[in-house]
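Okay, so here's the structure we're looking at.
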Amino acid sequence: MTFFERMMSIDRRIIFLFVALAVAIPLLRPLGFPVQVSEEVRSFHKEMAALEEGDIIMLTFDYEGDVMAELDPMAIAVLKDVFPRGVKVVALTTYAGGTGIAENHLREAAEVYGKTYGVDYVFLGYNPDWSGTILRLGESFKKTYPTDQYGKNTNDIPIMQEVETYDDIELICSIAGSALSEYWAIWAGGRYGVKVISGNTAIQAVLIYPYYQAGQIPGFLGGLKGAAEYEKLIDEPGMGIRGMDAQSIAHALMLVFILVGNIGYFFSRRAKREELRKG
Amino acid sequence: MKRQGPIILAFVVGMLMMIQFFTPNPFFLSLYNTVLDWKQVVLGCTFILGTWSLIRYHLTRIQRKQDNWRYSYVTLAGLGFMVLSAGIWKTTTGPYPWLFSNVQVPMQSTMFSLLAFYVASASYRAFRARTVHATLLLVAGALVMLGRVPIGAYFSGTVFGVEISLVEISDWMLNVPNLAAKRGIMIGVGLGTTATALKIILGIEQTYLGRTD
């Protein structure tokens, strides 16, 4: 096997080792790459910054453990942004696994900022029928969720006295690991006129651009980078900013591998052609 | 009538739901809410069906000792234990939240994070500039990959007297070609969905009845 052919067939275990190191080392020893804030994240922040004390937002934890690394920093940053300013939160999830995630983040943030369950925030829990939930909330929150996550009647929860339909909330912030943000925008935003902003995985974020350009989603956070940018804007550095170094190095490493493979491919092909020409 | 009944039902319900979207009439609003209620009830029943189907599937695997049948015990034990622990200790205390945070979440995260390793290995092997199209894809992918992380900010310079950065190129690719392609697909999907819905309402499309011709 020639040198160039070797370049094309690096053992996958070597690649795995390099990827592991590229992710682990920057997480353990941050490099501090500068985070530039994109327009869509600035717009997301603008919507959040416009909220005033006493305003109510709906925060949806539409994801499970698989995409926590990307979406948790967003959800945490949103709570860190709104709770200190006295903005109230109605949280829910359309994913079964989202309940545990939402409970943990809401409880931790409430403890830090001294928020009272039922007064400053409520967790309505999981509803399996996501499309029906989006539409039903536009008609009645209490009929869609007769009880909260802990079985308490929503009629008896103080914050729910202020919320009957989407008209009573300022915006929906959909943190989603799937196309759900699009559906919140289409059904809740399109049919009921509520403002929808979103936080999405990097893969999903690519699909949000048409909604952003059309104003259906006036701001969004795309992947861990979006979370890092938002953390920078609210001056609350967290796992988003910390993860950016690891992501930068990992992306650069993948490109190096792709480049090495292509150099090997190019020169091997040229050598084969020359061999054929020589006969 | 066996075939005409469901077609008539689909037509009537489809038309009513279409009309309700355009009218604030209380009758249609009430109908709309009733349909949404029923939708939730039906979906709740599918959970029972799904759970029963899962149990039966794994019991059959164990009975027939199919490949890796021992793992079916793990599935059934996990299902049973989570249901029992939620029933006995509720979902906020006891083993249920502990298992969720310390077993389910790490397992899901691990499975997803393995993607980074496989994507790295697969892109190294598959991303070859064999043709013009493949080269275009490769260049676009490389630009977006670098432009979407902070390290991309270091790549900037002057091209033909114009100051340009990798971040700007990456943003342009997402905001123009990506957006145009996605919007085209969305319009196509929207038209396709409307056409299919109309075909079902009008009884032209009958595959939901089990007809394949």
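Chains: A, B, ... in order of the structure tokens. Residues: from 1 per chain. Ligands: from 1, in order shown.
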
Closest-contact table, chain A side, partner chain B, 7 Å, counting only C-alpha atoms, as a tab-separated table:
```
residue	atom	partner	partner_atom	distance
A:Arg12	CA	B:Ser121	CA	6.0
A:Ile15	CA	B:Ser121	CA	6.3
A:Phe16	CA	B:Phe117	CA	5.5
A:Val19	CA	B:Phe117	CA	6.5
A:Phe33	CA	B:Pro150	CA	5.9
A:Pro34	CA	B:Pro150	CA	6.0
A:Val35	CA	B:Pro150	CA	5.5
A:Gln36	CA	B:Pro150	CA	6.9
A:Gly65	CA	B:Val105	CA	4.5
A:Asp66	CA	B:Ser109	CA	4.2
A:Val67	CA	B:Ser109	CA	6.7
A:Gly100	CA	B:Pro97	CA	6.9
A:Asp129	CA	B:Gln40	CA	6.0
A:Gly132	CA	B:Leu36	CA	5.9
A:Arg136	CA	B:Leu36	CA	6.7
A:Val206	CA	B:Leu174	CA	6.9
A:Leu207	CA	B:Lys182	CA	6.8
A:Tyr209	CA	B:Leu179	CA	6.0
A:Pro210	CA	B:Leu179	CA	5.7
A:Lys225	CA	B:Val149	CA	6.7
A:Met244	CA	B:Pro150	CA	6.9
A:Gln247	CA	B:Val149	CA	6.8
A:Ser248	CA	B:Val149	CA	5.3
A:His251	CA	B:Met145	CA	6.3
A:Ala252	CA	B:Leu146	CA	6.8
A:Met254	CA	B:Ala120	CA	5.7
A:Leu255	CA	B:Ala142	CA	6.7
A:Phe257	CA	B:Tyr124	CA	5.7
A:Ile258	CA	B:Tyr124	CA	4.6
A:Gly261	CA	B:Tyr124	CA	6.2
A:Asn262	CA	B:Arg128	CA	5.6
```

- Just asking: which residues within stretch 143-187 of chain A are alpha helix (DSSP H) according to DSSP, as a list in words? Lys143, Thr144, Leu180, Ser181, Glu182 and Tyr183 of chain A

Output file for the selection above: N, CA and C atoms, as a PDB file, in the first residue's frame:
```pdb
ATOM      1  N   LYS A 143     -58.593  23.343  29.992  1.00  0.00           N
ATOM      2  CA  LYS A 143     -59.255  22.138  29.469  1.00  0.00           C
ATOM      3  C   LYS A 143     -58.204  21.185  28.881  1.00  0.00           C
ATOM      4  N   THR A 144     -57.145  21.746  28.331  1.00  0.00           N
ATOM      5  CA  THR A 144     -56.085  20.895  27.775  1.00  0.00           C
ATOM      6  C   THR A 144     -55.313  20.229  28.907  1.00  0.00           C
ATOM      7  N   LEU A 180     -40.883  20.216  16.008  1.00  0.00           N
ATOM      8  CA  LEU A 180     -42.001  20.778  16.773  1.00  0.00           C
ATOM      9  C   LEU A 180     -42.045  22.304  16.787  1.00  0.00           C
ATOM     10  N   SER A 181     -40.870  22.926  16.758  1.00  0.00           N
ATOM     11  CA  SER A 181     -40.870  24.406  16.743  1.00  0.00           C
ATOM     12  C   SER A 181     -41.631  24.920  15.524  1.00  0.00           C
ATOM     13  N   GLU A 182     -41.462  24.202  14.403  1.00  0.00           N
ATOM     14  CA  GLU A 182     -42.173  24.597  13.178  1.00  0.00           C
ATOM     15  C   GLU A 182     -43.679  24.485  13.388  1.00  0.00           C
ATOM     16  N   TYR A 183     -44.101  23.413  14.078  1.00  0.00           N
ATOM     17  CA  TYR A 183     -45.538  23.217  14.288  1.00  0.00           C
ATOM     18  C   TYR A 183     -46.111  24.234  15.278  1.00  0.00           C
TER      19      TYR A 183
END
```

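Restricting the calculation to only C-alpha atoms, the smallest distance between A:Glu231 and any of A:Lys272, A:Ile14, A:Gly125, A:Gly243 is found for A:Gly243.
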
- Task: Check the DSSP output for the backbone and give back, as a ChimeraX atom specification, the residues of stretch 112-205 of chain B in strand (DSSP E).
- Result: /B:156-159,162-165

Contact residues around A:Lys80 with only C-alpha atoms at 10 Å, ignoring same-chain residues under 6 positions, as a compact mmCIF listing (two decimals) with N, CA, C and O atoms, in the first residue's frame:
```txt
# COMPACT_ATOMS: atom_id res chain seq x y z
N MET A 74 -29.69 25.99 26.38
CA MET A 74 -30.67 26.99 25.94
C MET A 74 -31.77 27.16 26.99
O MET A 74 -32.11 28.28 27.38
N ALA A 109 -33.60 26.22 38.85
CA ALA A 109 -33.65 27.67 38.61
C ALA A 109 -34.52 28.36 39.66
O ALA A 109 -34.18 29.45 40.14
N ALA A 110 -35.62 27.72 40.04
CA ALA A 110 -36.51 28.32 41.06
C ALA A 110 -35.79 28.46 42.39
O ALA A 110 -35.97 29.45 43.10
N VAL A 112 -32.53 28.81 42.83
CA VAL A 112 -31.51 29.87 42.71
C VAL A 112 -32.15 31.25 42.80
O VAL A 112 -31.63 32.14 43.49
N TYR A 113 -33.28 31.44 42.12
CA TYR A 113 -33.88 32.78 42.05
C TYR A 113 -35.05 32.98 43.01
O TYR A 113 -35.76 33.98 42.94
N GLU A 231 -26.02 32.97 25.80
CA GLU A 231 -25.36 33.08 27.12
C GLU A 231 -24.49 34.33 27.15
O GLU A 231 -24.42 35.03 28.16
N ILE A 234 -26.73 37.49 27.53
CA ILE A 234 -27.32 37.71 28.86
C ILE A 234 -26.24 37.69 29.95
O ILE A 234 -26.54 37.78 31.13
N ASP A 235 -24.99 37.54 29.51
CA ASP A 235 -23.85 37.55 30.42
C ASP A 235 -23.97 36.46 31.50
O ASP A 235 -23.78 36.70 32.69
N GLU A 236 -24.32 35.27 31.05
CA GLU A 236 -24.43 34.12 31.94
C GLU A 236 -23.72 32.94 31.30
O GLU A 236 -24.35 32.01 30.78
```

Would you mind listing, for every residue of stretch 44-82 of chain A within 10 Å of stretch 187-196 of chain A, the two atoms forming the shortest contact and the distance between them in Å to one decimal, using only C-alpha atoms, sorted by chain and ascending residue number, as a tab-separated table?
```
residue	atom	partner	partner_atom	distance
A:Phe44	CA	A:Val196	CA	9.9
A:Glu47	CA	A:Lys195	CA	9.3
A:Ile57	CA	A:Lys195	CA	10.0
A:Met58	CA	A:Val196	CA	9.4
```

- Task: Show which residues sit within 9 Å of A:Pro26, as a count of residues only. Count only C-alpha atoms, and ignore same-chain residues fewer than 4 positions away.
- Result: 11

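Going from atom CA of A:Tyr211 to atom CA of A:Leu124 covers 27.1 Å.
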